[in-house]
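> For reference, the file entry-v4.csv (CSV, C-alpha atoms and all ligand atoms) is included below:
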chain,number,residue,atom,x,y,z
H,189,MET,CA,195.1,54.1,91.9
H,190,ALA,CA,197.9,55.1,89.6
H,191,THR,CA,201.1,56.7,90.7
H,192,PHE,CA,203.3,58.4,88.1
H,193,ALA,CA,206.0,61.1,87.7
H,194,LEU,CA,206.3,63.8,85.1
H,195,ILE,CA,209.4,65.6,84.0
H,196,ALA,CA,209.6,68.1,81.2
H,197,ASP,CA,212.3,69.6,78.9
H,198,PRO,CA,215.3,67.5,79.9
H,199,HIS,CA,217.2,69.1,76.9
H,200,VAL,CA,219.8,66.3,76.9
H,201,CYS,CA,223.1,67.5,75.6
H,202,VAL,CA,226.4,65.6,75.3
H,203,PRO,CA,229.5,66.2,73.2
H,204,ASN,CA,229.4,64.8,69.6
H,205,PRO,CA,230.8,61.3,70.2
H,206,GLN,CA,232.4,61.3,66.7
H,207,THR,CA,233.9,64.8,66.4
H,208,GLY,CA,234.1,65.9,70.1
H,209,TRP,CA,232.0,69.1,69.2
H,210,VAL,CA,230.8,70.7,72.4
H,211,ALA,CA,227.6,72.8,72.4
H,212,VAL,CA,228.4,76.5,72.4
H,213,PRO,CA,226.5,78.7,74.9
H,214,ILE,CA,223.2,80.1,73.7
H,215,PRO,CA,222.9,83.8,74.7
H,216,ASN,CA,220.5,84.4,77.6
H,217,ASP,CA,219.6,80.7,77.8
H,218,PRO,CA,219.9,79.6,81.5
H,219,ALA,CA,219.5,75.9,80.9
H,220,PHE,CA,222.1,73.5,82.3
H,221,TYR,CA,222.9,71.9,79.0
H,222,HIS,CA,226.4,70.6,79.9
H,223,GLU,CA,225.0,69.2,83.2
H,224,SER,CA,221.9,67.7,81.6
H,225,VAL,CA,223.0,64.1,82.0
H,226,GLU,CA,223.9,64.7,85.6
H,227,VAL,CA,220.5,66.3,86.1
H,228,MET,CA,218.7,63.3,84.5
H,229,GLU,CA,220.8,60.8,86.5
H,230,ALA,CA,219.8,62.6,89.7
H,231,VAL,CA,216.1,62.8,88.9
H,232,ILE,CA,216.0,59.2,87.7
H,233,ASP,CA,217.4,58.1,91.1
H,234,GLU,CA,214.8,60.2,93.0
H,235,ILE,CA,211.9,59.0,90.8
H,236,ASN,CA,213.0,55.4,91.0
H,237,ALA,CA,212.8,55.7,94.8
H,238,VAL,CA,209.1,56.6,94.7
H,239,PRO,CA,207.0,53.7,96.1
H,240,ASP,CA,204.3,52.1,94.0
H,241,LEU,CA,205.4,54.0,90.9
H,242,ASP,CA,203.6,52.9,87.7
H,243,PHE,CA,205.1,55.0,84.9
H,244,VAL,CA,207.0,58.1,84.0
H,245,LEU,CA,206.0,60.9,81.5
H,246,VAL,CA,208.4,63.1,79.6
H,247,ALA,CA,206.7,66.2,78.1
H,248,GLY,CA,209.1,67.0,75.2
H,249,ASP,CA,212.2,68.9,74.4
H,250,LEU,CA,214.1,65.7,74.9
H,251,THR,CA,217.3,67.2,73.4
H,252,ARG,CA,219.2,70.4,72.9
H,253,GLU,CA,218.7,70.8,69.1
H,254,SER,CA,217.6,67.3,68.0
H,255,GLU,CA,221.1,66.1,67.4
H,256,PRO,CA,220.9,62.3,66.7
H,257,TYR,CA,223.5,61.5,69.4
H,258,ASN,CA,221.5,63.5,72.0
H,259,HIS,CA,218.4,61.5,71.1
H,260,GLU,CA,220.6,58.3,71.6
H,261,MET,CA,221.6,59.6,75.0
H,262,ALA,CA,218.0,60.5,76.0
H,263,ARG,CA,216.8,57.0,75.0
H,264,GLU,CA,219.6,55.4,77.0
H,265,LEU,CA,218.7,57.5,80.0
H,266,PHE,CA,215.0,56.6,79.7
H,267,THR,CA,215.9,52.9,80.0
H,268,ARG,CA,217.3,53.6,83.5
H,269,PHE,CA,213.8,54.3,84.9
H,270,ARG,CA,212.5,51.1,86.7
H,271,VAL,CA,209.0,51.6,85.2
H,272,PRO,CA,207.7,52.2,81.6
H,273,VAL,CA,208.5,55.7,80.2
H,274,PHE,CA,206.2,57.6,77.8
H,275,CYS,CA,207.4,60.7,75.9
H,276,VAL,CA,206.5,63.2,73.3
H,277,SER,CA,208.8,65.4,71.3
H,278,GLY,CA,209.1,69.2,71.6
H,279,ASN,CA,210.2,72.1,69.4
H,280,HIS,CA,213.9,71.3,70.2
H,281,ASP,CA,213.4,67.8,68.8
H,282,GLN,CA,213.2,68.8,65.2
H,283,PRO,CA,215.3,70.9,62.9
H,284,ARG,CA,215.0,74.6,63.6
H,285,PRO,CA,215.3,77.1,60.8
H,286,ALA,CA,218.1,79.8,60.9
H,287,ARG,CA,215.6,82.5,61.9
H,288,LEU,CA,215.0,80.6,65.1
H,289,ARG,CA,218.5,79.3,65.8
H,290,PRO,CA,221.6,80.8,64.1
H,291,ARG,CA,223.7,78.1,62.4
H,292,LYS,CA,226.8,79.0,64.4
H,293,LEU,CA,225.1,77.6,67.5
H,294,LEU,CA,224.4,74.2,65.9
H,295,ASP,CA,226.7,71.2,65.5
H,296,PRO,CA,227.9,71.6,61.9
H,297,ASP,CA,228.4,67.8,61.4
H,298,VAL,CA,224.9,66.4,62.1
H,299,THR,CA,221.5,66.4,60.4
H,300,PRO,CA,218.8,66.9,63.1
H,301,VAL,CA,216.2,64.3,63.7
H,302,THR,CA,212.8,65.3,62.3
H,303,THR,CA,209.4,64.9,63.9
H,304,PRO,CA,208.3,62.1,61.5
H,305,GLU,CA,211.3,60.1,62.7
H,306,ILE,CA,210.3,60.4,66.4
H,307,PRO,CA,207.8,57.5,66.5
H,308,THR,CA,210.4,55.0,65.2
H,309,LEU,CA,213.1,56.4,67.4
H,310,TYR,CA,210.9,56.3,70.5
H,311,GLY,CA,209.0,53.1,69.8
H,312,ASP,CA,210.0,51.8,73.2
H,313,PHE,CA,208.6,55.0,74.9
H,314,GLY,CA,204.9,55.1,73.8
H,315,PHE,CA,204.8,55.3,70.1
H,316,ARG,CA,203.2,52.3,68.4
H,317,ASP,CA,202.7,53.3,64.8
H,318,SER,CA,205.8,54.5,63.0
H,319,THR,CA,203.7,56.6,60.6
H,320,LEU,CA,201.8,58.5,63.4
H,321,THR,CA,203.3,61.3,65.6
H,322,ALA,CA,200.8,60.4,68.3
H,323,TYR,CA,199.9,57.4,70.3
H,324,SER,CA,197.6,56.1,73.0
H,325,CYS,CA,197.9,53.3,75.6
H,326,ASP,CA,196.5,52.1,78.9
H,327,PRO,CA,199.5,51.9,81.2
H,328,THR,CA,197.3,51.1,84.3
H,329,PRO,CA,193.7,49.9,84.7
H,330,ASP,CA,192.5,53.4,85.4
H,331,VAL,CA,194.5,55.5,82.9
H,332,HIS,CA,194.1,56.1,79.2
H,333,LEU,CA,197.2,58.0,78.1
H,334,VAL,CA,197.5,60.0,74.9
H,335,GLY,CA,200.8,61.4,73.6
H,336,LEU,CA,200.8,64.1,70.9
H,337,CYS,CA,203.9,65.6,69.1
H,338,SER,CA,202.7,69.2,69.0
H,339,THR,CA,205.4,71.1,67.2
H,340,LYS,CA,204.5,72.9,63.9
H,341,PRO,CA,207.0,72.0,61.1
H,342,ASP,CA,209.7,74.6,60.7
H,343,ASP,CA,208.4,76.6,63.7
H,344,ASP,CA,208.6,76.7,67.4
H,345,CYS,CA,204.9,77.1,68.1
H,346,GLY,CA,202.4,74.3,68.6
H,347,TRP,CA,200.1,72.8,66.0
H,348,ILE,CA,198.1,69.6,65.8
H,349,SER,CA,197.6,68.4,62.2
H,350,PRO,CA,194.1,67.5,60.9
H,351,GLU,CA,195.3,63.9,60.6
H,352,VAL,CA,196.2,63.7,64.2
H,353,LEU,CA,193.0,65.5,65.3
H,354,ALA,CA,191.0,62.9,63.3
H,355,TRP,CA,193.0,60.1,64.8
H,356,LEU,CA,192.4,61.5,68.3
H,357,ASP,CA,188.7,61.9,67.8
H,358,ASP,CA,188.5,58.2,66.8
H,359,ASP,CA,190.8,57.1,69.7
H,360,LEU,CA,188.8,58.9,72.3
H,361,ALA,CA,185.5,57.8,70.8
H,362,ARG,CA,186.7,54.2,71.3
H,363,GLN,CA,187.8,54.8,74.9
H,364,ARG,CA,184.5,54.0,76.6
H,365,ASP,CA,185.7,52.5,79.9
H,366,PRO,CA,184.2,54.8,82.6
H,367,ALA,CA,186.9,53.6,85.1
H,368,ARG,CA,189.6,55.2,83.0
H,369,GLU,CA,190.7,58.8,83.2
H,370,THR,CA,192.2,60.1,80.0
H,371,ILE,CA,195.5,62.0,80.3
H,372,VAL,CA,196.7,63.9,77.2
H,373,MET,CA,200.4,64.9,77.1
H,374,LEU,CA,201.9,67.3,74.6
H,375,HIS,CA,204.7,69.9,74.6
H,376,HIS,CA,202.8,73.2,74.0
H,377,SER,CA,200.2,75.0,76.1
H,378,ILE,CA,196.5,74.8,75.2
H,379,ILE,CA,195.3,77.2,77.9
H,380,GLU,CA,197.0,80.6,78.5
H,381,HIS,CA,199.6,80.4,81.3
H,382,VAL,CA,200.9,84.0,80.9
H,383,PRO,CA,198.8,87.1,80.0
H,384,GLY,CA,198.2,87.5,76.3
H,385,GLU,CA,200.0,84.2,75.5
H,386,THR,CA,197.9,83.5,72.4
H,387,VAL,CA,198.3,87.0,70.9
H,388,ASN,CA,201.6,88.5,72.2
H,389,PRO,CA,204.4,87.5,69.8
H,390,THR,CA,206.8,87.2,72.8
H,391,PHE,CA,204.8,84.3,74.1
H,392,SER,CA,202.6,83.0,71.2
H,393,TRP,CA,205.2,80.4,70.3
H,394,PHE,CA,204.5,78.7,73.6
H,395,HIS,CA,200.9,77.9,72.5
H,396,VAL,CA,199.2,75.4,70.1
H,397,GLU,CA,198.1,77.6,67.2
H,398,ASN,CA,194.9,75.6,66.7
H,399,ALA,CA,194.3,75.0,70.5
H,400,GLN,CA,190.6,75.8,70.1
H,401,ALA,CA,190.0,72.9,67.8
H,402,LEU,CA,191.9,70.6,70.1
H,403,LYS,CA,190.1,71.8,73.2
H,404,THR,CA,186.7,71.5,71.5
H,405,LEU,CA,187.5,67.9,70.7
H,406,LEU,CA,188.8,67.1,74.2
H,407,ARG,CA,185.8,68.6,75.9
H,408,ARG,CA,183.4,66.6,73.6
H,409,HIS,CA,185.1,63.4,74.8
H,410,GLY,CA,185.1,64.5,78.5
H,411,VAL,CA,188.9,64.9,78.8
H,412,ARG,CA,189.9,66.9,81.9
H,413,LEU,CA,193.6,66.5,82.2
H,414,THR,CA,196.4,67.8,79.9
H,415,PHE,CA,200.1,67.9,80.7
H,416,THR,CA,202.6,70.2,78.9
H,417,GLY,CA,206.1,71.5,79.2
H,418,HIS,CA,207.9,74.1,76.9
H,419,LEU,CA,207.3,77.3,79.0
H,420,HIS,CA,209.9,76.2,81.6
H,421,ILE,CA,207.5,77.4,84.4
H,422,GLN,CA,205.4,75.7,87.0
H,423,ASP,CA,201.8,76.7,86.2
H,424,VAL,CA,198.3,75.2,86.3
H,425,LYS,CA,195.3,76.7,84.6
H,426,GLU,CA,191.7,75.5,84.3
H,427,GLU,CA,189.1,76.5,81.8
H,428,GLU,CA,185.6,75.1,81.9
H,429,GLY,CA,186.7,71.9,83.7
H,430,LEU,CA,189.7,71.3,81.4
H,431,TYR,CA,193.1,71.5,83.2
H,432,ASN,CA,196.4,72.3,81.6
H,433,ILE,CA,199.3,71.5,83.9
H,434,ALA,CA,202.5,73.0,82.7
H,435,THR,CA,205.7,71.7,84.3
H,436,ALA,CA,209.1,73.5,84.4
H,437,SER,CA,212.2,72.2,82.7
H,438,ILE,CA,214.2,69.7,84.8
H,439,ALA,CA,217.3,71.2,83.2
H,440,SER,CA,216.6,74.8,84.2
H,441,TYR,CA,215.5,76.7,87.3
H,442,PRO,CA,213.5,75.6,89.3
H,443,HIS,CA,214.5,72.1,88.2
H,444,ALA,CA,211.0,70.9,89.3
H,445,TYR,CA,209.2,67.7,88.5
H,446,ARG,CA,205.9,66.3,89.6
H,447,ILE,CA,204.7,63.1,91.4
H,448,MET,CA,201.0,62.5,90.8
H,449,ARG,CA,198.5,60.1,92.2
H,450,LEU,CA,195.2,59.4,90.3
H,451,GLY,CA,192.4,57.7,92.0
H,452,ASN,CA,189.6,58.0,94.6
H,453,GLY,CA,187.9,60.6,92.4
H,454,GLY,CA,190.8,63.0,92.1
H,455,LEU,CA,194.4,63.8,91.0
H,456,GLU,CA,196.9,64.7,93.7
H,457,ILE,CA,199.8,66.7,92.4
H,458,ARG,CA,203.0,67.1,94.4
H,459,SER,CA,206.0,69.0,93.1
H,460,ARG,CA,209.6,68.4,94.0
H,461,ARG,CA,212.8,70.2,93.0
H,462,LEU,CA,216.2,68.8,92.3
H,463,GLN,CA,218.4,70.3,95.1
H,464,ALA,CA,221.8,69.2,94.0
H,465,ILE,CA,223.9,67.5,91.2
H,466,PRO,CA,227.5,66.3,91.7
H,467,SER,CA,229.0,69.3,89.9
H,468,CYS,CA,226.7,71.8,91.6
H,469,PRO,CA,225.8,71.0,95.2
H,470,ASP,CA,224.0,74.3,95.5
H,471,LEU,CA,221.9,73.9,92.4
H,472,GLN,CA,218.8,76.0,93.4
H,473,ARG,CA,220.8,79.1,94.4
H,474,VAL,CA,223.3,78.9,91.5
H,475,SER,CA,220.5,78.2,89.0
H,476,ARG,CA,218.2,81.0,90.2
H,477,GLN,CA,221.1,83.5,89.9
H,478,ARG,CA,221.7,82.2,86.3
H,479,ILE,CA,218.1,82.6,85.2
H,480,ALA,CA,217.8,86.0,86.9
H,481,ASP,CA,221.0,87.2,85.1
H,482,ALA,CA,219.6,85.9,81.8
H,483,PHE,CA,216.2,87.6,82.2
H,484,VAL,CA,217.7,90.9,83.2
H,485,ASN,CA,219.2,90.9,79.7
H,486,VAL,CA,216.0,89.7,78.1
H,487,ILE,CA,213.8,92.3,79.9
H,488,ALA,CA,216.3,95.1,79.2
H,489,ASP,CA,216.0,94.3,75.4
H,490,LEU,CA,212.2,94.3,75.7
H,491,LEU,CA,212.2,97.7,77.5
H,492,GLY,CA,214.5,99.1,74.8
H,493,ALA,CA,211.9,98.2,72.1
H,494,ALA,CA,208.3,99.5,71.5
H,495,PRO,CA,206.0,100.2,73.2
H,496,PHE,CA,208.5,101.0,76.1
H,497,SER,CA,211.4,102.4,74.0
H,498,TYR,CA,213.5,103.2,77.0
H,499,ALA,CA,217.1,104.6,76.6
H,500,PRO,CA,219.7,101.8,77.2
H,501,ASP,CA,220.7,103.0,80.7
H,502,ARG,CA,217.1,103.2,81.9
H,503,ALA,CA,216.2,99.9,80.3
H,504,ARG,CA,219.1,98.2,82.1
H,505,GLU,CA,218.4,99.8,85.5
H,506,THR,CA,214.6,99.1,85.3
H,507,ALA,CA,215.3,95.5,84.2
H,508,SER,CA,217.6,94.9,87.2
H,509,LYS,CA,214.7,96.0,89.5
H,510,LEU,CA,212.7,93.1,87.9
H,511,ARG,CA,215.5,90.6,88.6
H,512,ASP,CA,213.2,88.3,90.6
H,513,TRP,CA,210.2,88.6,88.3
H,514,TRP,CA,210.8,85.7,85.9
H,515,PRO,CA,212.4,83.4,88.4
H,516,SER,CA,209.3,83.8,90.6
H,517,ILE,CA,207.0,83.1,87.6
H,518,ALA,CA,209.1,79.9,87.0
H,519,ASP,CA,208.6,79.0,90.7
H,520,GLY,CA,204.8,79.1,90.3
H,521,ASP,CA,202.3,80.4,92.9
H,522,GLU,CA,203.8,83.9,92.4
H,523,GLN,CA,202.3,87.2,93.6
H,524,PHE,CA,203.7,90.6,92.5
H,525,ALA,CA,203.2,94.1,93.9
H,526,TYR,CA,205.6,96.3,92.0
H,527,GLY,CA,204.9,100.0,92.6
H,528,ALA,CA,204.7,102.6,89.9
H,529,ASP,CA,207.2,104.7,91.8
H,530,GLU,CA,209.5,101.8,92.3
H,531,LEU,CA,209.8,101.0,88.5
H,532,GLY,CA,209.2,104.7,87.4
H,533,ASP,CA,206.5,103.5,85.0
H,534,ALA,CA,202.9,102.8,86.1
H,535,PHE,CA,202.1,100.9,82.9
H,536,LEU,CA,205.1,98.6,83.4
H,537,ALA,CA,204.3,98.0,87.0
H,538,ALA,CA,200.7,97.0,86.1
H,539,TYR,CA,202.0,94.7,83.4
H,540,ALA,CA,204.5,93.0,85.7
H,541,ASN,CA,201.9,92.6,88.4
H,542,SER,CA,199.4,91.1,85.9
H,543,PHE,CA,201.6,88.0,86.0
H,544,SER,CA,200.5,87.3,89.6
H,545,ASP,CA,199.2,83.8,89.7
H,546,ARG,CA,195.4,83.0,89.9
H,547,PRO,CA,194.0,79.8,91.4
H,548,PRO,CA,194.5,76.9,91.1
H,549,ALA,CA,197.8,76.4,92.9
H,550,ASP,CA,200.8,75.6,90.7
H,551,ASN,CA,202.9,73.3,92.7
H,552,ASP,CA,200.9,71.2,95.2
H,553,LEU,CA,197.2,70.7,94.5
H,554,SER,CA,194.3,68.3,94.3
H,555,ILE,CA,192.0,68.2,91.4
H,556,ASP,CA,188.5,66.9,92.0
H,557,LEU,CA,187.5,64.5,89.3
H,558,SER,CA,184.6,62.9,91.1
H,559,ALA,CA,181.8,64.7,89.1
H,560,ARG,CA,181.4,63.5,85.5
H,601,FE,FE,212.3,73.6,76.5
H,602,FE,FE,210.0,73.8,74.0
Turn this file's structure into C-alpha cells for me.

Amino acid sequence: MATFALIADPHVCVPNPQTGWVAVPIPNDPAFYHESVEVMEAVIDEINAVPDLDFVLVAGDLTRESEPYNHEMARELFTRFRVPVFCVSGNHDQPRPARLRPRKLLDPDVTPVTTPEIPTLYGDFGFRDSTLTAYSCDPTPDVHLVGLCSTKPDDDCGWISPEVLAWLDDDLARQRDPARETIVMLHHSIIEHVPGETVNPTFSWFHVENAQALKTLLRRHGVRLTFTGHLHIQDVKEEEGLYNIATASIASYPHAYRIMRLGNGGLEIRSRRLQAIPSCPDLQRVSRQRIADAFVNVIADLLGAAPFSYAPDRARETASKLRDWWPSIADGDEQFAYGADELGDAFLAAYANSFSDRPPADNDLSIDLSAR
C-alpha cells in the first residue's frame, strides 16, 4: 500500500530579493500569487499530518514565470515536506515569448530558468540525469513513478520530444515487476477534459500536442494512471482503461489537492480543499468571487468575438449570467442546465451545458486496477 499526496500549480511568487520588484497583477488571472507562500505553508502542514504518507507529487507550474528566485523559494518549500517530493515543470517554468506574456508583466532584471535547467535545479526532487527532462524511480515497493517535463519550447502547449518518448519506451520496457503500478506525472492533459480541448484554440494549449503518440506508448506498456495539472480544474477522464487525473491549482480556486492510496487492486482518491490562510481566513468564498469576476471578463471577451459577435452590453450581461460556470467547472463534478431563454441564445446554452461532467467522478473516487 502506498499513500501519497498530489498538489498542482503552486505558482510560487515572492518579491525579487535583490531589487524588491513585486509581481504586477496579470489581467483576469485569479491566482493568489502574492499569497502563494502562505498557501504552500498551509498545504505543507496539512499534508505532513497525513498518517503513513510515503511521498508527495507536484505536477508543474512551480513558479509564476520561472524567475530564478521563485524556483529557489519553491525548492526551499519542498524541503519542508516530511517525505520525498517528486516534481515536474510546467509552462510557467520556462521563458515565455512576448506573444504569451507581455514584457511589462515580467521582472525586468532576471533571466527565466529554462526547461533544460530543470533537471539540475530539481535534482533533489526526482530528476536523476542532468541532461534528461524526465525521470523514473521506485518510491515504494508497489510504485514505479515517471516524471515528464511536458512543455513545448517557446510555447504554452504540451509536447513530448522524440528523445523523451524513446527514453520512456525503454524505461517502461525494463519495468517488469508485476507488483508495481506505474504512475506517469506531467503538466499537460493527454485526454480531453473540456469539450474540443484538442481542436479549440481557447483550450488546445492545455493539451499535449503529440498526446496520441504518448498514449499509444503508455497503453503498449499497460500504464493506467496519469496525473496532470495546468487546467486549474478538478477533472478525471478515462479512455480505454487509461486515466488522466487533472488536479486544480493549489494557488487558485478551489485550492484543491489530492490524497491517494494505491493498493489492494485499486487507487482511492480523496480531494481536500485549503479552507484558510493567515491573510485570508475565508479563502474559499473570497477566491470563488475572484475567479468568478475574472471569468465574467474572459467570457464577455469571448462573446464579443466570432462566432458570437455580441455587442459589448449584451456580451457583458450574458457573461454575468454565466458567473458560476467556470468556478463550477473548477470545482469538478459539475452539472449545468442553462436555458435558451435564460441566456437568450440556444447555441450558447447548449455549449455551456456541454461542459457538464461525465463519469468518472472528479473529486472522490476509486479506480479499480485489479484486472490486468
Ligand atoms: Fe498553472
Ligand atoms: Fe500551466
> Provide the CA of Glu351 in chain H to CA of Pro307 in chain H distance in Å, to one decimal place.
15.2 Å
> Name the residues in contact with range 545-551 of chain H at a cut-off of 10 Å, using all atoms listed in the file, excluding same-chain residues fewer than 2 positions from it; report them as a VMD selection string.
chain H and resid 381 to 382 421 to 426 431 433 to 435 444 to 446 457 to 460 517 519 to 524 541 to 543 553 to 555
> Which residues come within 6 Å of Pro300 in chain H, counting only C-alpha atoms, excluding same-chain residues fewer than 6 positions away, as an MDAnalysis selection string?
chainID H and resid 254:255 283
> Can you pull out every residue with an atom within 8 Å of ligand FE 601 (chain H)? Use only C-alpha atoms and all ligand atoms and format it as a list in words.
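The residues within 8 Å of ligand FE 601 (chain H), counting only C-alpha atoms and all ligand atoms, are Ala196, Asp197, Pro198, His199, Gly248, Asp249, Gly278, Asn279, His280, Gly417, His418, Leu419, His420 and Ser437 of chain H.
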> What's the 8 Å shell around range 329-340 of chain H, counting all atoms listed in the file, without same-chain residues fewer than 4 positions away, as JSON, numbers by chain?
{"H": [189, 190, 274, 275, 276, 277, 278, 279, 303, 314, 321, 322, 323, 324, 325, 344, 345, 346, 347, 348, 363, 367, 368, 369, 370, 371, 372, 373, 374, 375, 376, 396, 451]}
> For range 296-308 of chain H, supply N, CA and C atoms and report the output as a tab-separated table (two decimals), in the frame of the given file.

chain	number	residue	atom	x	y	z
H	296	PRO	N	227.82	71.52	63.36
H	296	PRO	CA	227.90	71.60	61.90
H	296	PRO	C	227.88	70.20	61.22
H	297	ASP	N	228.15	69.16	61.99
H	297	ASP	CA	228.40	67.80	61.40
H	297	ASP	C	227.20	66.89	61.48
H	298	VAL	N	226.04	67.36	61.94
H	298	VAL	CA	224.90	66.40	62.10
H	298	VAL	C	223.66	66.98	61.38
H	299	THR	N	222.82	66.05	60.97
H	299	THR	CA	221.50	66.40	60.40
H	299	THR	C	220.50	66.13	61.56
H	300	PRO	N	219.77	67.17	62.00
H	300	PRO	CA	218.80	66.90	63.10
H	300	PRO	C	217.76	65.92	62.80
H	301	VAL	N	217.35	65.20	63.82
H	301	VAL	CA	216.20	64.30	63.70
H	301	VAL	C	214.95	65.09	63.45
H	302	THR	N	214.06	64.59	62.59
H	302	THR	CA	212.80	65.30	62.30
H	302	THR	C	211.64	64.68	63.06
H	303	THR	N	210.54	65.43	63.16
H	303	THR	CA	209.40	64.90	63.90
H	303	THR	C	208.86	63.59	63.34
H	304	PRO	N	208.76	63.42	62.00
H	304	PRO	CA	208.30	62.10	61.50
H	304	PRO	C	209.16	60.93	61.90
H	305	GLU	N	210.42	61.21	62.29
H	305	GLU	CA	211.30	60.10	62.70
H	305	GLU	C	211.10	59.74	64.19
H	306	ILE	N	210.44	60.62	64.94
H	306	ILE	CA	210.30	60.40	66.40
H	306	ILE	C	209.59	59.09	66.74
H	307	PRO	N	208.45	58.75	66.07
H	307	PRO	CA	207.80	57.50	66.50
H	307	PRO	C	208.63	56.26	66.33
H	308	THR	N	209.50	56.20	65.33
H	308	THR	CA	210.40	55.00	65.20
H	308	THR	C	211.45	55.07	66.26
